[in-house]
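Structure, as structure tokens:
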Amino acid sequence: MTVRIGLIGCGVMGTDHAMIIGQQLHGAELAMVCDADAGRARVAAEQAGCARIEGDPLAVINAPSVDAVLIASPDQTHGPLTLACLAAGKPVLCEKPLSQAASECEAIVESEVKRGKRLVQVGFMRRFDPSYVEMRQAVLAGTIGRPLMLHCFHRNVAAPDWFTGQMAITNSAPHEFDIARFLLGGELVAVTAFQPALRREKGGVAPVFMVCETAAGQLVNIEINNNAGYGYDVRGEIVGERGAVSMAAPAGSTLDLHLSHSVAYAADWRPRFAEAYRRQNQAWVNGIASGTSAGSSAWDGLCATLVAEAAVQSLQTGQRTPIRIPVRPGLYDHS
Ligand SMILES: NC(=O)c1ccc[n+]([C@@H]2O[C@H](COP(=O)([O-])OP(=O)(O)OC[C@H]3O[C@@H](n4cnc5c(N)ncnc54)[C@H](O)[C@@H]3O)[C@@H](O)[C@H]2O)c1
């Protein structure tokens with residue numbers, strides 16, 4: 001079976017997905033691309049070898065020649081377009097976050113539960129990154145004993161002037177919330193968010209520093225630093241009762257020069273997580289072909305957004321904020 005994919009959104013991430021589908025996946029073809037900007041759609045179609053271009057995302061979702069949909073348009077489009085995929089009964093891989101509004105995520109979960117079948121996968125690709133997978137295996141095997149703490153940091157080179165602490169939480173941090181739930185195998189139930197004081201003349205957004213608590217009493221600290229200046233750098237370390245496991249720099253080589261030993265950083269997420277995106281998309285296609293599901297579910301998307309909403313509230317009030325996790329529907333028992 002060849003899964004015919006319709007891609008919505010051909011910006012930075014969508015063009016990357018187009019190339020992955022067009023050149024790296026088995027059992028899939030890029031049947032149609034769509035962008036509000038026709039020029040971007042054309043470039044992605046040419047690069048990935050796709051013949052059909054559409055301007056209307058709903059026409060892609062409802063096209064008989066499209067078996068499954070990948071949504072890589074901006075965050076505010078994710079909820080309505082995912083709901084449209086569910087209404088059409090089509091599997092969908094939606095880029096993170098599932099929605100920035102928990103109420104929209106809840107509507108998606110409700111719609112999927114009503115259908116009684118998982119059709120939604122959320123693009124939390126870190127679950128497919130070999131480093132995180134190894135760290136998870138170390139936890140499952142009991143190698144480091146019971147996990148007590150997780151240290152996470154997420155650093156980008158620079159953020160635009162209009163980027164805010166709230167955006168760092170709603171757009172960047174959901175990756176950390178999801179991977180924390182994946183690595184520790186439990187829910188985050190409270191969060192406290194802080195920002196260090198920046199020198200006024202420096203400008204730009206200050207890092208956001210969060211402390212999350214899990215239902216099992218573990219602590220997770222998360223630094224989201226969108227103006228780190230030096231490179232794209234994501235790391236994690238789990239500290240257990242007997243030992244610790246941390247991510248090794250995933251570099252192909254190191255450089256010895258001028259009395260120093262160095263590893264190069266990527267400029268953004270695409271090279272760092274290239275293998276994770278490929279594995280995520282292949283798992284999605286394999287799941288469609290075999291009628292199974294993989295990766296983060298709509299439920300996981302909802303949980304990450306609930307943490308983000310609580311963290312935004314905490315940043316505004318300065319208070320520790322509980323996270324209200326509803327009862328998980330049975331459809332997501334193995335999620
Ligand atoms: N998984 C990851 O690591 C990762 C990394 C980056 C971005 N993302 C997510 O991917 C999404 C896209 O991010 P990006 O950096 O590519 O943004 P982008 O701005 O580069 O691209 C978005 C594209 O969507 C198009 N678009 C806007 N509204 C549309 C609509 N209604 N229908 C069709 N096309 C529409 C825009 O014209 C643009 O080309 C975001 O939700 C972002 O959070 C995920």
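As shown in the structure tokens, the chain order sets the letters A, B, ...; within each chain, residues go from 1, and ligands are also counted from 1 in the order they appear.
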
Report as a tab-separated table: every residue of chain A with an atom at most 6 Å from ligand 1, its closest pair of atoms, and their distance in Å to one decimal, counting only C-alpha atoms and all ligand atoms, with rows sorted by chain and ascending residue number.
residue	atom	partner	partner_atom_place_in_ligand_line	distance
A:Ile8	CA	ligand 1	33 (C)	5.2
A:Gly9	CA	ligand 1	24 (O)	3.8
A:Cys10	CA	ligand 1	39 (O)	4.6
A:Gly11	CA	ligand 1	21 (O)	3.2
A:Val12	CA	ligand 1	16 (O)	3.7
A:Met13	CA	ligand 1	16 (O)	3.6
A:Gly14	CA	ligand 1	16 (O)	5.3
A:Cys34	CA	ligand 1	33 (C)	5.6
A:Asp35	CA	ligand 1	34 (N)	3.6
A:Ala36	CA	ligand 1	34 (N)	4.2
A:Asp37	CA	ligand 1	37 (O)	4.7
A:Arg40	CA	ligand 1	39 (O)	5.9
A:Pro57	CA	ligand 1	32 (N)	5.3
A:Ala72	CA	ligand 1	11 (C)	4.5
A:Ser73	CA	ligand 1	24 (O)	3.7
A:Pro74	CA	ligand 1	41 (O)	4.1
A:Asp75	CA	ligand 1	41 (O)	3.9
A:Thr77	CA	ligand 1	31 (N)	6.0
A:Glu95	CA	ligand 1	10 (O)	5.1
A:Lys96	CA	ligand 1	43 (O)	5.4
A:Gly123	CA	ligand 1	1 (N)	5.4
A:Phe124	CA	ligand 1	1 (N)	5.9
A:Asn171	CA	ligand 1	43 (O)	5.7

Any idea what's packed within 12 Å of Gln100 in chain A, counting only C-alpha atoms, ignoring anything in its chain fewer than 2 positions away? Could you give it as number ranges by chain? A: 74-80, 95-98, 102-106, 166-174, 301-310, 312

Using DSSP on the backbone coordinates, identify the residues of range 140-323 of chain A assigned to strand (DSSP E or B); present them as JSON, numbers by chain. {"A": [147, 148, 149, 150, 151, 152, 153, 154, 155, 188, 189, 190, 191, 192, 193, 194, 208, 209, 210, 211, 212, 213, 214, 219, 220, 221, 222, 223, 224, 225, 232, 233, 234, 235, 236, 237, 238, 239, 240, 244, 245, 246, 255, 256, 257, 260, 261, 262, 266, 296, 321, 322]}

DSSP alpha helix (DSSP H) residues within range 208-308 of chain A, listed as a VMD selection string: chain A and resid 269 to 272 274 to 290 298 to 308

For the residues selected in the previous step, produce a file with C-alpha atoms as a PDB file, in the first residue's frame.
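Output contents, as saved in again.pdb:
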ATOM      1  CA  TRP A 269      16.318  22.156  14.859  1.00  0.00           C
ATOM      2  CA  ARG A 270      16.296  20.604  11.385  1.00  0.00           C
ATOM      3  CA  PRO A 271      19.778  19.035  11.324  1.00  0.00           C
ATOM      4  CA  ARG A 272      19.690  18.157  15.039  1.00  0.00           C
ATOM      5  CA  ALA A 274      16.583  15.122  11.110  1.00  0.00           C
ATOM      6  CA  GLU A 275      16.609  11.449  12.052  1.00  0.00           C
ATOM      7  CA  ALA A 276      13.756  11.933  14.554  1.00  0.00           C
ATOM      8  CA  TYR A 277      11.560  13.630  11.915  1.00  0.00           C
ATOM      9  CA  ARG A 278      12.285  10.814   9.438  1.00  0.00           C
ATOM     10  CA  ARG A 279      11.540   8.074  11.993  1.00  0.00           C
ATOM     11  CA  GLN A 280       8.410   9.882  13.199  1.00  0.00           C
ATOM     12  CA  ASN A 281       7.020  10.238   9.671  1.00  0.00           C
ATOM     13  CA  GLN A 282       7.911   6.647   8.750  1.00  0.00           C
ATOM     14  CA  ALA A 283       6.208   5.356  11.927  1.00  0.00           C
ATOM     15  CA  TRP A 284       3.114   7.399  11.025  1.00  0.00           C
ATOM     16  CA  VAL A 285       3.004   5.919   7.517  1.00  0.00           C
ATOM     17  CA  ASN A 286       3.646   2.385   8.813  1.00  0.00           C
ATOM     18  CA  GLY A 287       0.838   2.832  11.353  1.00  0.00           C
ATOM     19  CA  ILE A 288      -1.600   3.937   8.651  1.00  0.00           C
ATOM     20  CA  ALA A 289      -0.669   0.950   6.491  1.00  0.00           C
ATOM     21  CA  SER A 290      -1.044  -1.514   9.364  1.00  0.00           C
ATOM     22  CA  ALA A 298      -4.254  13.689  20.757  1.00  0.00           C
ATOM     23  CA  TRP A 299      -4.329  12.938  24.496  1.00  0.00           C
ATOM     24  CA  ASP A 300      -0.593  13.685  24.737  1.00  0.00           C
ATOM     25  CA  GLY A 301      -1.205  16.879  22.762  1.00  0.00           C
ATOM     26  CA  LEU A 302      -3.901  17.903  25.244  1.00  0.00           C
ATOM     27  CA  CYS A 303      -1.692  17.182  28.276  1.00  0.00           C
ATOM     28  CA  ALA A 304       1.188  19.271  26.870  1.00  0.00           C
ATOM     29  CA  THR A 305      -1.163  22.194  26.241  1.00  0.00           C
ATOM     30  CA  LEU A 306      -2.672  21.937  29.740  1.00  0.00           C
ATOM     31  CA  VAL A 307       0.851  22.248  31.181  1.00  0.00           C
ATOM     32  CA  ALA A 308       1.539  25.217  28.884  1.00  0.00           C
TER      33      ALA A 308
END

Surrounding residues of Val191 in chain A excluding itself and chain neighbours under 2 positions, 9 Å, only C-alpha atoms, as a VMD selection string: chain A and resid 188 to 189 193 210 to 213 307 310 to 311 314 319 to 323

How many Å lie between CA of Gly229 in chain A and CA of Ala158 in chain A, rounded to one decimal? 5.8 Å

Taking 5 positions as the minimum chain separation for residues in the same chain, which residues sit within 12 Å of Gly217 in chain A when counting only C-alpha atoms? Answer as a count of residues only. 12

Residue nearest Arg136 in chain A among A:Val92, A:Ala51, A:Val245, A:Ala68 (counting only C-alpha atoms): A:Val245
